[in-house]
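Colleague: Structure in structure tokens, see below.
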Amino acid sequence: MRKRYRKVVNLLMLSLSGLLTVYGVFWLFWILGSLFISGIKYFSPELVYLDPTPAGMEGGGLRPAFVGHFILTTLATIIGVPIGLMAGIYFAEYGKDSDFFRVLRHITDIMVSTPSIIMGAVVYAVLVKPIGHFNGLSGAVALALLMVPVVAVTTDEMLKLVPQQMREAAYALGAYKWQMIKSVTLRAAKVGVLTGILLGVARISGETAPLLFTSFNNAFLNFNLMKPMASITVTTFNYVMGPYHYWHQQAWAASLILTLGVLMLSIFARLILHGKITNPFAFMFKRIKKEV
Amino acid sequence: MQIESVVQKRISEVKNSGVLIERLAKVSLGLWALFAGLLFPILIFLILYYESRLAIEKFGVINFLTHTNWDPVTEDFGAATMVVGTIISTLLSILMAAPISVGIAIFITELSPRWFKPIISGAVELLAAIPSIIYGLWGFFVLTPIMAEKVEPWIQNKLGNVPVVGQLFSGATTGVDIFTTSLVLSIMIIPFMSAVVRDSFELVPPIMKESAYGLGATQWEVVRKVIIPYTASGMAGGLVLSTGRALGETMAVTFLAGNNPQIPKSLFDSFTTITVALANQFTEADTDIYLSSLYYVSMFLFVISFVILFLAKFMILRLEKRWKV
């Protein structure tokens, strides 16, 4: 009797956990499903290469948003990646044994989750107010600042995965620490570091909040960093809030393209990290285990 | 003799340049590490503080946080509505997401076949990769009408007449309200929460589980009596971590909250949060005190989320330390 009861409870709770998993995955399919259906329905090639028409006139595209988004993300990556990389290398190679830098590393980890809208507010105070108007540069800087902690933390984690023996081997040959980092650890961890960078790019390319009051929006194609610059996310935000039906349709299509880009980046990043062929640590660990 | 001294000189040259580069590398890398871990948060705080000093002088701290009036015309600002809205929507979303995240973690660590694990955890992680504006767009166009026409009237029908609880479900069902917002927020934080819970579940040494199985425990009993007690601090850390995430969420909430500065009385009332106010009003702030008040609330948001994330980090670290022997 007692045994039966325990078995029933077991079955019940385990199926409940299965159901909860289904619930979680259900939202993923619902969101992606409706995004794909509406996005494909409203997509047309004109969306990419035409400029927006004056408000209220149907037709036109979102060329400024696509171009602006590309410029902002690229610039942010160029600014943010080196800073994040350098900080991450220091945390992993020099600051490993110092309590002070260990704390700093945890703070960097906390900064990964800072509300992104705060970054927008901070950059507004530094780069928009003194200049006097919204500009693309400030948007790129806000995104770069968001990216720094992400890249720093993943770089640190990936470098720490490199076996200590490899470092010792380099030292035994008389290498300086910088030579060891440059030609041993960074080289061994390059796939992991690349994953961190890709995840960082994926993170910032979906951001809207920090761009709302830095790069703002622009209905015209703009390559000047000192002028407001459109992005897919901010344009989508404005279009969804706007009154016109064709705006909503264009917002769906633009969101689909954005989501596809972001998802592809993050799936690609995970694939190269977890993929068996490209995992540089798998065989290294095996060899070390054999020796020990 | 001659050759020897040349060689000696060359060696010391190489040595010197190596040492020089070594020092340079250490200093320049260290500077950026200092920037990322120390200067960056301090600078953010100082800039927010500097920009909000006007509002701090005028409204004080307690007064600003308890005052419910937010009126740009008379330049009278109090953040109570936003702070309350942020707290309610965050707590509700945590409540909705917690059981689901734990369920997913149990499924992944204990139930699913090995080949199925990466698929299911990958799918849940994908939820985190979707940009937040997509959640907003989808919630606004797809979920809101369904909530307004089907789900909310149904709930109101069933629970609206129950005393006390009924009050929570009163009012017009517009779909743009706390309930929808928290639901979408809960979907957004499920991946973070379940990842932390799963990681802490996997820290439990297999020998502990095996000894419980050896005593004849069922799978559920192992989860309840071995895994959950031993990972409690990690689970709490995951909970707090996702609180920090939900606090700062902007775009999805902006679409779904209704930007209505009032203290909500029912779950079907529209409301506002700190992030919604920032997103909607920052570019409209035409007076110095208006902008300064917005900086003041964002400083609060930064400090609260930093403290909460710090706590979460601390809890998770404590769990990891316990098992790292």
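Residue numbering restarts at 1 for every chain of the structure tokens, chains are lettered A, B, ... in their displayed order, and ligands are numbered from 1 as they appear.
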Which neighbours of Ile197 of chain A fall inside 12 Å, counting only C-alpha atoms, when residues of the same chain fewer than 6 positions from it are skipped, and could you give them as a PyMOL selection string?
Modeller: chain A and resi 76-78+80-85+88+144+147-155+158+190-191+203-204+265-266+268-270+273
Colleague: By how many Å are atom CA of Asn259 of chain B and atom CA of Phe271 of chain B apart?
Modeller: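 According to the coordinates, atom CA of Asn259 of chain B and atom CA of Phe271 of chain B are separated by 5.7 Å.
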Colleague: From segment 24-178 of chain B, collect each residue whose DSSP state is helix (DSSP H, G or I) and return the set as an MDAnalysis selection string.
Modeller: chainID B and resid 24:59 62:66 80:111 114:129 132:159 165:168 178
Colleague: What lies within 8 Å of Ser182 of chain B using only C-alpha atoms, ignoring chain neighbours under 5 positions off, as a PyMOL selection string?
Modeller: chain B and resi 89-90+92-93+96
Colleague: Hey, which of B:Thr68, B:Gly37, B:Val14, B:Ala80 ends up closest to Val103 of chain A? Count only C-alpha atoms.
Modeller: B:Gly37
Colleague: For Gly136 of chain B, which of B:Val204, B:Val164, B:Leu185, B:Val196 is the closest residue, counting only C-alpha atoms?
Modeller: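 When distances to Gly136 of chain B are compared using only C-alpha atoms, the smallest one comes from B:Leu185.
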Colleague: DSSP says strand (DSSP E) for which residues of segment 67-177 of chain B? Put them as a VMD selection string?
Modeller: chain B and resid 70 to 71 76 to 77
Colleague: Counting only C-alpha atoms, which of B:Arg245, B:Lys58, B:Arg10, B:Lys117 gets nearest to chain A?
Modeller: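 Checking each of B:Arg245, B:Lys58, B:Arg10, B:Lys117 against chain A, counting only C-alpha atoms, the winner is B:Arg245.
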Colleague: List as a list in words the protein and nucleic acid residues near segment 4-6 of chain A, meaning an atom at most 10 Å away when only C-alpha atoms are counted, but skip any in the same chain fewer than 6 places from it.
Modeller: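 Those residues are Leu12 of chain A; Ala217, Thr218, Trp220 and Glu221 of chain B.
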Colleague: Find the spatial neighbours of Leu311 of chain B, counting only C-alpha atoms, within a cut-off of 9 Å - ignore same-chain residues fewer than 3 positions away - and output them as a JSON list (two decimals) with N, CA and C atoms, in the first residue's frame.
Modeller:
[["chain", "number", "residue", "atom", "x", "y", "z"],
["B", 237, "GLY", "N", 19.81, 31.40, -5.17],
["B", 237, "GLY", "CA", 20.64, 32.29, -5.97],
["B", 237, "GLY", "C", 20.05, 32.48, -7.36],
["B", 240, "VAL", "N", 17.12, 34.83, -7.15],
["B", 240, "VAL", "CA", 17.48, 36.23, -6.96],
["B", 240, "VAL", "C", 18.11, 36.79, -8.24],
["B", 241, "LEU", "N", 18.93, 35.94, -8.91],
["B", 241, "LEU", "CA", 19.56, 36.37, -10.16],
["B", 241, "LEU", "C", 18.50, 36.78, -11.18],
["B", 306, "PHE", "N", 21.97, 46.14, -8.79],
["B", 306, "PHE", "CA", 23.34, 45.75, -8.45],
["B", 306, "PHE", "C", 23.37, 44.97, -7.13],
["B", 307, "VAL", "N", 22.65, 45.50, -6.13],
["B", 307, "VAL", "CA", 22.63, 44.83, -4.82],
["B", 307, "VAL", "C", 22.03, 43.44, -4.94],
["B", 308, "ILE", "N", 20.92, 43.34, -5.67],
["B", 308, "ILE", "CA", 20.25, 42.04, -5.81],
["B", 308, "ILE", "C", 21.14, 41.04, -6.52],
["B", 314, "PHE", "N", 26.62, 35.91, -4.53],
["B", 314, "PHE", "CA", 27.14, 35.43, -3.26],
["B", 314, "PHE", "C", 26.55, 34.06, -2.90],
["B", 315, "MET", "N", 25.22, 33.93, -3.08],
["B", 315, "MET", "CA", 24.57, 32.66, -2.74],
["B", 315, "MET", "C", 25.08, 31.53, -3.62],
["B", 316, "ILE", "N", 25.18, 31.80, -4.93],
["B", 316, "ILE", "CA", 25.62, 30.75, -5.84],
["B", 316, "ILE", "C", 27.06, 30.35, -5.53]]
Colleague: Measuring atom to atom with only C-alpha atoms, identify which of B:Ser292, B:Ser5, B:Thr181, B:Asn161 is nearest to Ile56 of chain B.
Modeller: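 Distance minimum relative to Ile56 of chain B lands on B:Ser292.
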Colleague: So which residues touch Ala105 of chain B within 12 Å, counting only C-alpha atoms, skipping near sequence neighbours fewer than 2 positions away, as a ChimeraX atom specification?
Modeller: /A:14,17-18,20-21,24 /B:98-103,107-112,117,120-121,124,190-202,223,227-228,231,235,238
Colleague: Write the selection just made, keeping N, CA and C atoms, as a compact mmCIF listing (two decimals), in the first residue's frame?
Modeller:
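Output file out-v9.txt follows:
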# COMPACT_ATOMS: atom_id res chain seq x y z
N LEU A 14 6.99 13.36 -11.52
CA LEU A 14 7.86 13.32 -12.69
C LEU A 14 7.11 13.74 -13.95
N SER A 17 6.89 17.45 -13.92
CA SER A 17 8.10 18.15 -14.39
C SER A 17 8.20 18.07 -15.91
N GLY A 18 7.76 16.92 -16.47
CA GLY A 18 7.74 16.82 -17.93
C GLY A 18 6.78 17.83 -18.53
N LEU A 20 5.81 20.68 -17.22
CA LEU A 20 6.35 22.03 -17.08
C LEU A 20 7.37 22.32 -18.17
N THR A 21 8.16 21.30 -18.52
CA THR A 21 9.12 21.48 -19.61
C THR A 21 8.39 21.75 -20.92
N GLY A 24 7.32 25.29 -21.00
CA GLY A 24 8.38 26.23 -21.36
C GLY A 24 8.67 26.22 -22.85
N ALA B 98 9.25 30.38 -11.21
CA ALA B 98 10.02 29.50 -10.33
C ALA B 98 9.63 28.02 -10.45
N PRO B 99 8.33 27.68 -10.30
CA PRO B 99 8.01 26.25 -10.39
C PRO B 99 8.36 25.66 -11.75
N ILE B 100 8.18 26.45 -12.80
CA ILE B 100 8.46 25.94 -14.14
C ILE B 100 9.95 25.70 -14.32
N SER B 101 10.77 26.64 -13.81
CA SER B 101 12.21 26.46 -13.96
C SER B 101 12.69 25.24 -13.21
N VAL B 102 12.18 25.05 -11.98
CA VAL B 102 12.59 23.89 -11.21
C VAL B 102 12.15 22.61 -11.93
N GLY B 103 10.91 22.63 -12.47
CA GLY B 103 10.43 21.46 -13.22
C GLY B 103 11.32 21.14 -14.40
N PHE B 107 13.56 17.83 -14.98
CA PHE B 107 13.40 17.03 -16.21
C PHE B 107 14.76 16.82 -16.88
N ILE B 108 15.53 17.90 -16.99
CA ILE B 108 16.79 17.79 -17.72
C ILE B 108 17.80 16.93 -16.96
N THR B 109 17.92 17.14 -15.63
CA THR B 109 18.97 16.41 -14.93
C THR B 109 18.57 14.97 -14.60
N GLU B 110 17.30 14.72 -14.32
CA GLU B 110 16.94 13.40 -13.80
C GLU B 110 16.20 12.51 -14.78
N LEU B 111 15.39 13.13 -15.63
CA LEU B 111 14.46 12.32 -16.40
C LEU B 111 14.88 12.05 -17.83
N SER B 112 15.35 13.12 -18.49
CA SER B 112 15.46 13.01 -19.94
C SER B 112 16.60 12.08 -20.30
N LYS B 117 18.85 15.59 -23.79
CA LYS B 117 19.23 16.72 -22.93
C LYS B 117 19.62 17.99 -23.69
N ILE B 120 16.61 19.76 -25.40
CA ILE B 120 15.65 20.47 -24.56
C ILE B 120 16.30 21.68 -23.90
N SER B 121 17.56 21.52 -23.43
CA SER B 121 18.17 22.69 -22.80
C SER B 121 18.50 23.74 -23.85
N VAL B 124 15.28 25.70 -24.44
CA VAL B 124 15.00 26.65 -23.36
C VAL B 124 15.97 27.83 -23.43
N ILE B 190 12.62 32.42 -17.47
CA ILE B 190 12.71 30.96 -17.30
C ILE B 190 14.10 30.43 -17.71
N PRO B 191 14.65 30.83 -18.86
CA PRO B 191 15.96 30.26 -19.22
C PRO B 191 17.05 30.53 -18.19
N PHE B 192 17.09 31.77 -17.66
CA PHE B 192 18.14 32.09 -16.69
C PHE B 192 17.97 31.27 -15.42
N MET B 193 16.72 31.27 -14.94
CA MET B 193 16.47 30.58 -13.69
C MET B 193 16.74 29.09 -13.84
N SER B 194 16.22 28.48 -14.90
CA SER B 194 16.39 27.03 -15.02
C SER B 194 17.85 26.67 -15.25
N ALA B 195 18.61 27.56 -15.91
CA ALA B 195 20.03 27.25 -16.12
C ALA B 195 20.77 27.21 -14.78
N VAL B 196 20.49 28.20 -13.92
CA VAL B 196 21.18 28.21 -12.62
C VAL B 196 20.76 27.01 -11.78
N VAL B 197 19.45 26.72 -11.76
CA VAL B 197 18.97 25.59 -10.96
C VAL B 197 19.56 24.29 -11.50
N ARG B 198 19.60 24.16 -12.83
CA ARG B 198 20.15 22.95 -13.41
C ARG B 198 21.63 22.79 -13.05
N ASP B 199 22.38 23.90 -13.16
CA ASP B 199 23.81 23.83 -12.83
C ASP B 199 24.01 23.40 -11.38
N SER B 200 23.17 23.93 -10.48
CA SER B 200 23.39 23.54 -9.08
C SER B 200 22.95 22.10 -8.85
N PHE B 201 21.92 21.65 -9.58
CA PHE B 201 21.52 20.24 -9.47
C PHE B 201 22.67 19.33 -9.89
N GLU B 202 23.39 19.77 -10.92
CA GLU B 202 24.45 18.90 -11.42
C GLU B 202 25.68 18.88 -10.52
N VAL B 223 14.92 13.56 -5.57
CA VAL B 223 14.90 14.99 -5.88
C VAL B 223 14.51 15.80 -4.65
N ILE B 227 18.41 16.15 -3.48
CA ILE B 227 18.89 17.22 -4.37
C ILE B 227 18.43 18.60 -3.90
N ILE B 228 17.14 18.74 -3.65
CA ILE B 228 16.63 20.08 -3.31
C ILE B 228 17.23 20.61 -2.01
N THR B 231 20.82 21.77 -2.68
CA THR B 231 21.06 22.85 -3.63
C THR B 231 20.24 24.08 -3.29
N MET B 235 19.54 27.31 -5.67
CA MET B 235 18.22 27.62 -6.21
C MET B 235 17.80 29.03 -5.81
N GLY B 238 19.58 31.40 -7.97
CA GLY B 238 18.97 31.49 -9.28
C GLY B 238 17.74 32.38 -9.27
Colleague: What's around segment 280-284 of chain B at 9 Å? Count only C-alpha atoms, leave out sequence neighbours fewer than 6 positions away in its own chain, and write the answer as a PDB file with N, CA and C atoms, in the first residue's frame.
Modeller:
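Dumped everything to result-v4.pdb:
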ATOM      1  N   ALA A 121      21.058  55.739 -20.493  1.00  0.00           N
ATOM      2  CA  ALA A 121      20.964  56.980 -19.718  1.00  0.00           C
ATOM      3  C   ALA A 121      22.343  57.550 -19.429  1.00  0.00           C
ATOM      4  N   LEU A 212      17.517  53.927 -27.514  1.00  0.00           N
ATOM      5  CA  LEU A 212      16.352  54.810 -27.574  1.00  0.00           C
ATOM      6  C   LEU A 212      16.732  56.277 -27.438  1.00  0.00           C
ATOM      7  N   PHE A 213      17.639  56.569 -26.500  1.00  0.00           N
ATOM      8  CA  PHE A 213      18.013  57.978 -26.370  1.00  0.00           C
ATOM      9  C   PHE A 213      19.499  58.206 -26.587  1.00  0.00           C
TER      10      PHE A 213
ATOM     11  N   THR B 254       7.536  47.763 -21.705  1.00  0.00           N
ATOM     12  CA  THR B 254       7.050  49.027 -22.247  1.00  0.00           C
ATOM     13  C   THR B 254       5.815  48.829 -23.120  1.00  0.00           C
ATOM     14  N   ASN B 259       1.918  52.127 -19.388  1.00  0.00           N
ATOM     15  CA  ASN B 259       2.487  53.404 -18.968  1.00  0.00           C
ATOM     16  C   ASN B 259       1.474  54.284 -18.264  1.00  0.00           C
ATOM     17  N   TYR B 290      12.863  67.607 -14.635  1.00  0.00           N
ATOM     18  CA  TYR B 290      12.207  66.420 -15.191  1.00  0.00           C
ATOM     19  C   TYR B 290      13.263  65.360 -15.519  1.00  0.00           C
ATOM     20  N   LEU B 291      14.272  65.787 -16.284  1.00  0.00           N
ATOM     21  CA  LEU B 291      15.348  64.865 -16.671  1.00  0.00           C
ATOM     22  C   LEU B 291      16.073  64.354 -15.431  1.00  0.00           C
ATOM     23  N   LEU B 294      14.205  61.668 -13.742  1.00  0.00           N
ATOM     24  CA  LEU B 294      14.343  60.398 -14.458  1.00  0.00           C
ATOM     25  C   LEU B 294      15.691  59.748 -14.138  1.00  0.00           C
TER      26      LEU B 294
END
Colleague: For atom CA of Met180 of chain A and atom CA of Glu22 of chain B, determine how far apart the two atoms are, in Å to one decimal place.
Modeller: 10.6 Å
Colleague: What does the distance between atom CA of Gly60 of chain B and atom CA of Leu278 of chain B come to in Å, to one decimal place?
Modeller: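 We find that atom CA of Gly60 of chain B and atom CA of Leu278 of chain B lie 19.7 Å from each other.
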Colleague: For each of A:Phe220, A:Phe43, A:Tyr23, A:Phe36, take the minimum atom-to-atom distance to chain B, counting only C-alpha atoms, then give the residue where this is smallest.
Modeller: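 Nearest to chain B: A:Tyr23.
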Colleague: Which residue, A:Ile110, A:Ile131, A:Leu75, A:Ala172, has the smallest gap to chain B when you use only C-alpha atoms?
Modeller: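 Comparing A:Ile110, A:Ile131, A:Leu75, A:Ala172 against chain B, the winner is A:Ile110.
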